[in-house]
file protein.txt (compact mmCIF, C-alpha atoms)
# COMPACT_ATOMS: atom_id res chain seq x y z
CA MET A 851 -24.21 218.99 -89.47
CA TYR A 852 -24.75 222.42 -90.90
CA GLY A 853 -22.21 225.16 -91.37
CA ARG A 854 -23.26 228.73 -91.95
CA VAL A 855 -20.74 230.26 -94.30
CA SER A 856 -20.47 233.95 -95.06
CA ILE A 857 -19.86 234.62 -98.74
CA SER A 858 -19.68 238.16 -100.07
CA ARG A 859 -21.81 241.25 -100.37
CA LEU A 860 -24.21 241.10 -103.30
CA GLY A 861 -25.44 244.61 -103.82
CA LYS A 862 -26.17 246.02 -100.39
CA CYS A 863 -27.04 242.71 -98.72
CA GLN A 864 -24.84 240.18 -97.04
CA SER A 865 -25.43 236.81 -98.68
CA TRP A 866 -25.18 233.61 -96.69
CA ARG A 867 -24.65 230.16 -98.10
CA ARG A 868 -25.91 227.28 -96.01
CA ILE A 869 -24.28 223.94 -96.81
CA SER A 870 -25.13 220.63 -95.20
CA THR A 871 -22.53 217.89 -94.98
CA SER A 872 -24.93 215.40 -93.41
CA ALA A 873 -27.02 212.73 -95.10
CA VAL A 874 -30.02 214.82 -96.08
CA VAL A 875 -31.69 215.11 -99.47
CA GLY A 876 -31.92 218.43 -101.26
CA HIS A 877 -31.78 219.99 -104.69
CA ASN A 878 -29.27 222.68 -103.68
CA PRO A 879 -26.56 220.95 -101.60
CA LEU A 880 -24.04 223.78 -102.05
CA GLY A 881 -26.52 226.33 -100.73
CA LEU A 882 -26.22 228.70 -103.70
CA PRO A 883 -28.77 231.52 -103.93
CA HIS A 884 -31.59 231.22 -106.43
CA SER A 885 -30.93 233.20 -109.59
CA ASN A 886 -31.87 233.58 -113.23
CA ARG A 887 -29.03 231.31 -114.38
CA PRO A 888 -30.20 228.53 -116.72
CA PRO A 889 -30.70 225.28 -114.81
CA PRO A 890 -28.17 222.49 -115.39
CA PRO A 891 -29.24 219.66 -117.68
CA LYS A 892 -31.01 216.80 -115.98
CA ILE A 893 -30.39 213.09 -116.25
CA PRO A 894 -33.72 211.65 -117.46
CA THR A 895 -35.21 208.74 -115.56
CA ARG A 896 -36.52 207.22 -118.77
CA GLY A 897 -36.36 207.75 -122.50
CA GLY A 898 -33.29 208.76 -124.49
CA PRO A 899 -29.97 210.13 -123.24
CA PRO A 900 -29.73 213.79 -122.14
CA ILE A 901 -28.28 216.39 -124.46
CA LYS A 902 -24.71 217.15 -123.41
CA ARG A 903 -23.79 220.77 -122.74
CA SER A 904 -20.57 222.72 -122.63
CA ILE A 905 -19.41 224.02 -119.27
CA PRO A 906 -20.12 227.77 -119.24
CA HIS A 907 -17.14 229.94 -120.20
CA VAL A 908 -14.86 226.96 -120.91
CA LYS A 909 -13.54 226.06 -124.37
CA LYS A 910 -12.00 222.62 -123.74
CA VAL A 911 -12.49 220.01 -121.01
CA VAL A 912 -10.11 217.18 -120.11
CA ALA A 913 -10.94 214.72 -117.35
CA VAL A 914 -8.20 212.93 -115.40
CA ALA A 915 -9.56 209.67 -114.04
CA SER A 916 -8.64 206.30 -112.59
CA GLY A 917 -10.59 203.28 -111.51
CA LYS A 918 -8.52 202.76 -108.37
CA GLY A 919 -7.83 205.28 -105.63
CA GLY A 920 -4.29 205.92 -104.43
CA VAL A 921 -2.62 205.90 -107.84
CA GLY A 922 -1.63 209.58 -107.71
CA LYS A 923 -4.37 210.80 -110.01
CA SER A 924 -4.93 214.17 -108.29
CA THR A 925 -1.20 214.92 -108.29
CA VAL A 926 -1.07 214.03 -111.98
CA ALA A 927 -4.11 216.24 -112.67
CA VAL A 928 -2.53 219.29 -111.03
CA ASN A 929 0.81 218.84 -112.77
CA LEU A 930 -0.93 218.18 -116.09
CA ALA A 931 -2.91 221.42 -115.75
CA LEU A 932 0.28 223.38 -115.00
CA SER A 933 2.19 221.65 -117.79
CA MET A 934 -0.57 222.40 -120.29
CA ALA A 935 -0.54 226.05 -119.19
CA LEU A 936 3.22 226.15 -119.80
CA ASN A 937 3.35 224.13 -123.04
CA HIS A 938 0.70 225.37 -125.43
CA PRO A 939 1.53 224.69 -129.11
CA THR A 940 1.32 228.39 -129.94
CA LYS A 941 3.86 229.24 -127.20
CA THR A 942 1.28 231.56 -125.67
CA ARG A 943 0.02 231.21 -122.10
CA PRO A 944 -3.55 229.84 -122.18
CA ARG A 945 -6.06 230.35 -119.38
CA VAL A 946 -6.26 227.02 -117.55
CA GLY A 947 -8.37 225.95 -114.60
CA ILE A 948 -8.74 222.83 -112.49
CA LEU A 949 -12.00 221.49 -111.05
CA ASP A 950 -11.93 218.99 -108.20
CA LEU A 951 -14.96 216.70 -108.52
CA ASP A 952 -13.98 214.41 -105.65
CA ILE A 953 -16.87 215.26 -103.35
CA PHE A 954 -15.81 212.99 -100.47
CA GLY A 955 -12.03 213.38 -100.62
CA PRO A 956 -11.06 216.66 -102.29
CA SER A 957 -7.29 217.00 -102.78
CA ILE A 958 -6.93 220.19 -104.81
CA PRO A 959 -6.90 222.56 -101.78
CA LYS A 960 -3.83 220.77 -100.38
CA LEU A 961 -2.04 220.28 -103.70
CA MET A 962 -2.59 223.89 -104.82
CA GLY A 963 -1.69 225.53 -101.50
CA LEU A 964 -5.26 226.70 -100.90
CA GLU A 965 -6.12 225.09 -97.57
CA ASN A 966 -8.17 227.09 -95.06
CA VAL A 967 -8.50 230.09 -97.36
CA PRO A 968 -11.59 232.35 -97.34
CA GLU A 969 -14.57 230.71 -99.02
CA PRO A 970 -15.29 231.56 -102.67
CA GLU A 971 -17.25 234.70 -103.44
CA LEU A 972 -20.38 234.81 -105.54
CA THR A 973 -21.00 236.78 -108.72
CA GLN A 974 -24.01 239.09 -109.00
CA ALA A 975 -25.77 236.18 -110.73
CA GLY A 976 -25.06 233.89 -107.78
CA ALA A 977 -22.36 231.72 -109.38
CA LEU A 978 -19.25 230.62 -107.51
CA VAL A 979 -16.04 232.54 -108.24
CA PRO A 980 -12.98 230.26 -108.54
CA LEU A 981 -9.99 230.75 -106.29
CA SER A 982 -6.59 231.13 -107.92
CA ASN A 983 -3.01 230.10 -107.22
CA HIS A 984 0.08 229.35 -109.33
CA GLY A 985 -1.72 230.88 -112.32
CA LEU A 986 -4.58 228.35 -112.26
CA SER A 987 -8.24 228.99 -111.49
CA CYS A 988 -9.42 226.38 -108.97
CA MET A 989 -12.72 225.10 -107.61
CA SER A 990 -13.22 222.27 -105.14
CA MET A 991 -15.72 220.94 -102.65
CA GLY A 992 -12.91 221.47 -100.16
CA PHE A 993 -13.36 225.25 -100.47
CA LEU A 994 -17.02 225.02 -99.46
CA LEU A 995 -16.93 222.86 -96.34
CA PRO A 996 -17.60 224.41 -92.92
CA SER A 997 -14.78 224.38 -90.38
CA SER A 998 -14.77 221.95 -87.48
CA THR A 999 -14.01 222.78 -83.85
CA THR A 1000 -10.31 222.86 -84.73
CA GLY A 1001 -10.85 225.88 -86.99
CA SER A 1002 -9.99 223.84 -90.10
CA ASN A 1003 -12.25 222.04 -92.55
CA ALA A 1004 -9.62 219.40 -93.39
CA ASP A 1005 -11.33 216.82 -91.17
CA THR A 1006 -14.93 217.79 -92.02
CA PRO A 1007 -16.54 214.76 -93.69
CA VAL A 1008 -19.21 214.86 -96.38
CA VAL A 1009 -21.85 212.25 -95.56
CA TRP A 1010 -24.19 212.28 -98.54
CA ARG A 1011 -26.20 209.74 -100.48
CA GLY A 1012 -26.17 209.50 -104.26
CA LEU A 1013 -28.77 212.16 -105.04
CA MET A 1014 -26.93 214.83 -103.05
CA VAL A 1015 -23.65 213.88 -104.72
CA GLN A 1016 -25.25 214.10 -108.14
CA LYS A 1017 -26.76 217.53 -107.43
CA ALA A 1018 -23.52 218.89 -105.96
CA THR A 1019 -21.62 217.64 -109.01
CA GLN A 1020 -24.07 219.43 -111.31
CA GLN A 1021 -23.61 222.66 -109.34
CA LEU A 1022 -19.82 222.44 -109.49
CA LEU A 1023 -20.02 221.82 -113.23
CA PHE A 1024 -22.57 224.49 -114.19
CA ASP A 1025 -22.68 227.05 -111.35
CA VAL A 1026 -19.06 228.25 -111.41
CA ASP A 1027 -18.15 231.37 -113.40
CA TRP A 1028 -14.67 230.58 -114.69
CA ARG A 1029 -14.21 234.15 -115.92
CA GLY A 1030 -13.76 235.19 -112.31
CA ARG A 1031 -15.18 237.96 -110.20
CA ASP A 1032 -15.42 240.51 -113.03
CA GLY A 1033 -17.42 238.19 -115.30
CA ALA A 1034 -18.42 239.84 -118.56
CA GLY A 1035 -15.51 241.04 -120.67
CA VAL A 1036 -13.03 238.54 -119.18
CA PRO A 1037 -11.82 235.79 -121.56
CA GLU A 1038 -13.17 232.32 -120.91
CA LEU A 1039 -10.93 229.41 -119.96
CA ASP A 1040 -9.01 227.80 -122.80
CA LEU A 1041 -8.90 224.54 -120.84
CA LEU A 1042 -10.48 223.05 -117.74
CA VAL A 1043 -8.81 219.97 -116.24
CA ILE A 1044 -11.21 217.95 -114.10
CA ASP A 1045 -9.82 215.81 -111.29
CA MET A 1046 -12.25 212.91 -111.03
CA PRO A 1047 -12.83 210.73 -107.96
CA PRO A 1048 -11.87 207.06 -108.19
CA GLY A 1049 -14.44 204.53 -109.33
CA THR A 1050 -17.32 204.54 -111.81
CA GLY A 1051 -20.16 206.02 -109.76
CA ASP A 1052 -22.46 209.03 -109.60
CA VAL A 1053 -19.85 211.69 -110.36
CA GLN A 1054 -18.45 209.92 -113.41
CA LEU A 1055 -21.92 209.20 -114.76
CA THR A 1056 -23.08 212.79 -114.21
CA LEU A 1057 -20.07 214.20 -116.03
CA GLY A 1058 -20.25 211.69 -118.87
CA GLN A 1059 -23.97 212.14 -119.50
CA LEU A 1060 -24.26 215.92 -119.08
CA VAL A 1061 -20.99 217.50 -120.23
CA LYS A 1062 -19.22 217.75 -123.57
CA VAL A 1063 -15.82 216.37 -122.58
CA ASP A 1064 -13.04 216.73 -125.14
CA GLY A 1065 -10.99 213.89 -123.75
CA SER A 1066 -9.95 211.87 -120.73
CA VAL A 1067 -6.62 210.65 -119.38
CA ILE A 1068 -6.68 207.37 -117.45
CA VAL A 1069 -4.03 207.07 -114.72
CA SER A 1070 -2.84 203.76 -113.29
CA THR A 1071 0.07 202.20 -111.45
CA PRO A 1072 1.74 199.00 -112.69
CA GLN A 1073 -0.05 196.53 -110.38
CA ASP A 1074 -2.78 194.32 -111.76
CA VAL A 1075 -5.08 195.39 -108.91
CA ALA A 1076 -4.97 198.97 -110.26
CA LEU A 1077 -5.18 197.96 -113.91
CA VAL A 1078 -8.34 195.93 -113.34
CA ASP A 1079 -10.15 199.07 -112.19
CA ALA A 1080 -8.51 201.22 -114.86
CA ARG A 1081 -10.06 198.95 -117.48
CA LYS A 1082 -13.46 199.51 -115.87
CA GLY A 1083 -12.94 203.27 -116.06
CA VAL A 1084 -12.10 202.98 -119.76
CA ALA A 1085 -15.21 200.89 -120.39
CA MET A 1086 -17.43 203.39 -118.55
CA PHE A 1087 -16.13 206.40 -120.50
CA LYS A 1088 -16.63 204.53 -123.76
CA LYS A 1089 -20.19 203.75 -122.73
CA VAL A 1090 -21.02 207.45 -122.25
CA ASP A 1091 -19.04 208.55 -125.35
CA VAL A 1092 -16.21 210.36 -123.57
CA PRO A 1093 -13.09 210.27 -125.79
CA ILE A 1094 -10.07 208.60 -124.18
CA LEU A 1095 -6.82 210.34 -125.05
CA GLY A 1096 -4.60 207.63 -123.61
CA LEU A 1097 -3.24 205.89 -120.53
CA LEU A 1098 -0.64 207.33 -118.17
CA LEU A 1099 1.49 205.09 -115.96
CA ASN A 1100 2.36 206.62 -112.60
CA MET A 1101 5.05 205.40 -110.19
CA SER A 1102 6.56 203.34 -112.98
CA HIS A 1103 9.99 203.05 -111.34
CA TYR A 1104 12.35 204.57 -108.82
CA THR A 1105 15.99 205.45 -109.45
CA CYS A 1106 18.00 205.87 -106.27
CA PRO A 1107 20.56 208.70 -106.10
CA SER A 1108 23.52 206.29 -105.88
CA CYS A 1109 22.84 204.39 -109.11
CA THR A 1110 21.25 204.70 -112.52
CA THR A 1111 19.26 201.47 -112.51
CA PRO A 1112 15.44 201.88 -112.45
CA HIS A 1113 13.88 199.87 -109.63
CA ARG A 1114 10.37 198.57 -110.38
CA LEU A 1115 8.95 198.89 -106.86
CA PHE A 1116 5.39 198.15 -107.94
CA GLY A 1117 6.20 195.55 -110.56
CA SER A 1118 7.00 195.46 -114.24
CA PRO A 1119 5.22 197.91 -116.58
CA GLU A 1120 4.54 195.09 -119.03
CA SER A 1121 1.01 194.46 -117.68
CA PHE A 1122 0.22 198.16 -118.17
CA ARG A 1123 1.60 198.13 -121.70
CA LYS A 1124 -0.37 194.99 -122.52
CA ALA A 1125 -3.56 196.59 -121.17
CA ALA A 1126 -3.00 199.61 -123.42
CA ALA A 1127 -2.50 197.32 -126.41
CA ASP A 1128 -5.58 195.25 -125.55
CA LEU A 1129 -7.69 198.41 -125.27
CA SER A 1130 -6.15 199.96 -128.43
CA LEU A 1131 -5.13 203.04 -126.44
CA ASP A 1132 -1.97 205.14 -126.63
CA ILE A 1133 0.46 205.32 -123.72
CA LEU A 1134 0.90 209.01 -123.02
CA GLY A 1135 3.87 208.52 -120.69
CA GLU A 1136 5.42 206.63 -117.81
CA LEU A 1137 6.13 208.74 -114.74
CA PRO A 1138 8.79 207.73 -112.20
CA LEU A 1139 8.38 207.70 -108.44
CA VAL A 1140 10.16 210.86 -107.28
CA PRO A 1141 10.24 212.29 -103.71
CA GLN A 1142 9.93 215.88 -104.95
CA VAL A 1143 6.48 215.12 -106.38
CA SER A 1144 4.94 214.12 -103.04
CA GLU A 1145 6.92 216.72 -101.10
CA GLY A 1146 5.79 219.48 -103.45
CA GLY A 1147 2.19 218.31 -103.24
CA ASP A 1148 2.23 218.38 -99.44
CA MET A 1149 3.61 221.93 -99.52
CA GLY A 1150 1.13 223.12 -102.15
CA ARG A 1151 3.87 223.69 -104.73
CA PRO A 1152 3.56 221.10 -107.53
CA VAL A 1153 6.75 219.78 -109.11
CA MET A 1154 6.02 221.60 -112.39
CA LEU A 1155 6.74 224.86 -110.57
CA LEU A 1156 10.37 223.98 -109.87
CA SER A 1157 12.89 226.38 -111.35
CA GLU A 1158 15.11 225.30 -114.23
CA LYS A 1159 18.06 225.22 -111.85
CA GLN A 1160 16.20 222.94 -109.43
CA ILE A 1161 15.10 220.63 -112.25
CA ASN A 1162 18.57 220.32 -113.77
CA SER A 1163 20.11 219.52 -110.39
CA ASP A 1164 17.91 216.47 -109.84
CA LEU A 1165 17.55 213.63 -112.36
CA GLY A 1166 14.18 212.48 -110.94
CA ALA A 1167 12.61 215.93 -111.14
CA LYS A 1168 14.05 216.38 -114.61
CA GLU A 1169 12.48 213.11 -115.79
CA VAL A 1170 9.05 213.94 -114.29
CA THR A 1171 8.88 217.42 -115.80
CA SER A 1172 10.12 216.12 -119.16
CA VAL A 1173 7.45 213.39 -119.28
CA MET A 1174 4.72 215.80 -118.17
CA LYS A 1175 5.75 218.23 -120.92
CA GLU A 1176 5.42 215.45 -123.52
CA VAL A 1177 2.03 214.42 -122.08
CA ALA A 1178 0.76 218.01 -122.15
CA GLN A 1179 1.85 218.49 -125.76
CA ALA A 1180 0.19 215.21 -126.76
CA VAL A 1181 -3.06 216.15 -125.03
CA TRP A 1182 -3.11 219.58 -126.70
CA ARG A 1183 -2.62 217.96 -130.12
CA ARG A 1184 -5.44 215.51 -129.56
CA ILE A 1185 -8.04 217.94 -128.24
CA ASP A 1186 -7.17 220.61 -130.82
CA SER A 1187 -7.49 218.10 -133.67
CA SER A 1188 -10.95 217.10 -132.43
CA ALA A 1189 -12.31 220.64 -132.74
call {"tool": "encode", "arguments": {"input": "protein.txt", "output": "structure tokens"}}
result
Amino acid sequence: MYGRVSISRLGKCQSWRRISTSAVVGHNPLGLPHSNRPPPPKIPTRGGPPIKRSIPHVKKVVAVASGKGGVGKSTVAVNLALSMALNHPTKTRPRVGILDLDIFGPSIPKLMGLENVPEPELTQAGALVPLSNHGLSCMSMGFLLPSSTTGSNADTPVVWRGLMVQKATQQLLFDVDWRGRDGAGVPELDLLVIDMPPGTGDVQLTLGQLVKVDGSVIVSTPQDVALVDARKGVAMFKKVDVPILGLLLNMSHYTCPSCTTPHRLFGSPESFRKAAADLSLDILGELPLVPQVSEGGDMGRPVMLLSEKQINSDLGAKEVTSVMKEVAQAVWRRIDSSA
């Protein structure tokens, strides 16, 4: 199905972007206008590996990934981006953005409170302008989908084969101007956090082969069924030379309000810790299962935005924000030392 989406006035003309969510093949799945922007690098069909490129107007790139879906990776990615914006080593506020590369199941619009907002504008050069909320620049496939008969695009599926997914991923990586609408003269992003889809498919391969990634964070839950796929994600990133900053355990335990004993609802963390040791990777942190995290995500207000009073009044929220602060500081140290 096709959706005709009005973008913004470029000069004196109204520009229209035409995006197809059906299974058709094309070299411009996001329907961006032709321009003089340099083309994204291509994955060669034979010969040596492609030359990796930096994402335009972005200094550092950190990918948040998992092998298994449903481990809370997108929620972790959003809270990591906010925590890194709040906890820079220099005590200054860096410019941070988040890119949702989950083509089929984008979560960033919901988690960032940007559902059913006007579609992104285009720069004079024809690049997408990120949306913004909570101090983060955001881009997602979810911002580009046409609305259904209900007036919302939340239930609009993307039904694409691999080539379309690969091309759309390249456009989201290289055809977004992270400086914003004003472009030239605006500082570039200090950090872009990329929320990866689960698995080890087209999107992961496109990122790993084409982009200079400063590091990746692998998220898992304690169960063996999640750790098996997390190991595959680690192996894939190693194969395409993406540095792995460490593993992050999500939903490690739950502490009920009436006691102080951690309950391991999804099993002991020992399998996770053993996997980290086997892979010679650091454990960045172990996040508890806390109701405020999912509630905040559903409302578009991530837990890292809670006030100090709200955090101090709830032990679970206090533990989550404390762990995320430590993770953010560790990630900053690692990517700054690799410069």
call {"tool": "closest_atom_pairs", "arguments": {"input": "protein.txt", "of": "segment 889-969 of chain A", "to": "segment 1031-1050 of chain A", "cutoff": "8 Å", "atoms": "all atoms listed in the file", "output": "tab-separated table"}}
result
residue	atom	partner	partner_atom	distance
A:His907	CA	A:Glu1038	CA	4.7
A:Val908	CA	A:Leu1039	CA	4.7
A:Lys909	CA	A:Asp1040	CA	5.1
A:Lys910	CA	A:Leu1041	CA	4.7
A:Val911	CA	A:Leu1042	CA	4.9
A:Val912	CA	A:Val1043	CA	4.9
A:Ala913	CA	A:Ile1044	CA	4.6
A:Val914	CA	A:Asp1045	CA	5.3
A:Ala915	CA	A:Met1046	CA	5.2
A:Ser916	CA	A:Pro1048	CA	5.5
A:Gly917	CA	A:Gly1049	CA	4.6
A:Lys918	CA	A:Pro1048	CA	5.5
A:Gly919	CA	A:Pro1048	CA	5.1
A:Lys923	CA	A:Asp1045	CA	7.5
A:Ser924	CA	A:Asp1045	CA	6.0
A:Ala927	CA	A:Asp1045	CA	5.9
A:Ala931	CA	A:Val1043	CA	6.1
A:Pro944	CA	A:Asp1040	CA	5.9
A:Arg945	CA	A:Leu1039	CA	5.0
A:Val946	CA	A:Leu1041	CA	4.9
A:Gly947	CA	A:Leu1042	CA	4.8
A:Ile948	CA	A:Val1043	CA	4.7
A:Leu949	CA	A:Ile1044	CA	4.7
A:Asp950	CA	A:Asp1045	CA	4.9
A:Leu951	CA	A:Met1046	CA	5.3
A:Asp952	CA	A:Pro1047	CA	4.5
A:Ile953	CA	A:Pro1047	CA	7.6
A:Gly955	CA	A:Pro1047	CA	7.8
call {"tool": "closest_residue", "arguments": {"input": "protein.txt", "among": "A:Tyr1104, A:Gly1012, A:Leu986, A:Val926", "to": "Ile1068 of chain A", "atoms": "all atoms listed in the file"}}
result
A:Val926
call {"tool": "atom_distance", "arguments": {"input": "protein.txt", "atom1": "atom CA of Arg1151 of chain A", "atom2": "atom CA of Leu1139 of chain A"}}
result
17.0 Å
call {"tool": "atom_distance", "arguments": {"input": "protein.txt", "atom1": "atom CA of Arg1123 of chain A", "atom2": "atom CA of Val1053 of chain A"}}
result
27.8 Å
call {"tool": "atom_distance", "arguments": {"input": "protein.txt", "atom1": "atom CA of Val1173 of chain A", "atom2": "atom CA of Glu1136 of chain A"}}
result
7.2 Å
call {"tool": "residues_around", "arguments": {"input": "protein.txt", "residues": "Thr1171 of chain A", "least_positions_apart": "2", "cutoff": "8 Å", "atoms": "all atoms listed in the file", "output": "VMD selection string"}}
result
chain A and resid 1153 to 1154 1161 1167 to 1169 1173 to 1175
call {"tool": "closest_residue", "arguments": {"input": "protein.txt", "among": "A:Leu1131, A:Val1061, A:Val921, A:Val1009", "to": "Ile905 of chain A", "atoms": "only C-alpha atoms"}}
result
A:Val1061
call {"tool": "closest_residue", "arguments": {"input": "protein.txt", "among": "A:Met934, A:Ile958, A:Leu1057, A:Leu880", "to": "Asp1148 of chain A", "atoms": "only C-alpha atoms"}}
result
A:Ile958
call {"tool": "residues_near_point", "arguments": {"input": "protein.txt", "point": "(-0.7, 224.8, -129.7)", "cutoff": "9 Å", "atoms": "only C-alpha atoms", "output": "PyMOL selection string"}}
result
chain A and resi 937-942+1179+1182-1183+1186
call {"tool": "residues_around", "arguments": {"input": "protein.txt", "residues": "Gly1051 of chain A", "least_positions_apart": "5", "cutoff": "10 Å", "atoms": "all atoms listed in the file", "output": "ChimeraX atom specification"}}
result
/A:1012,1015-1016,1056,1083,1086
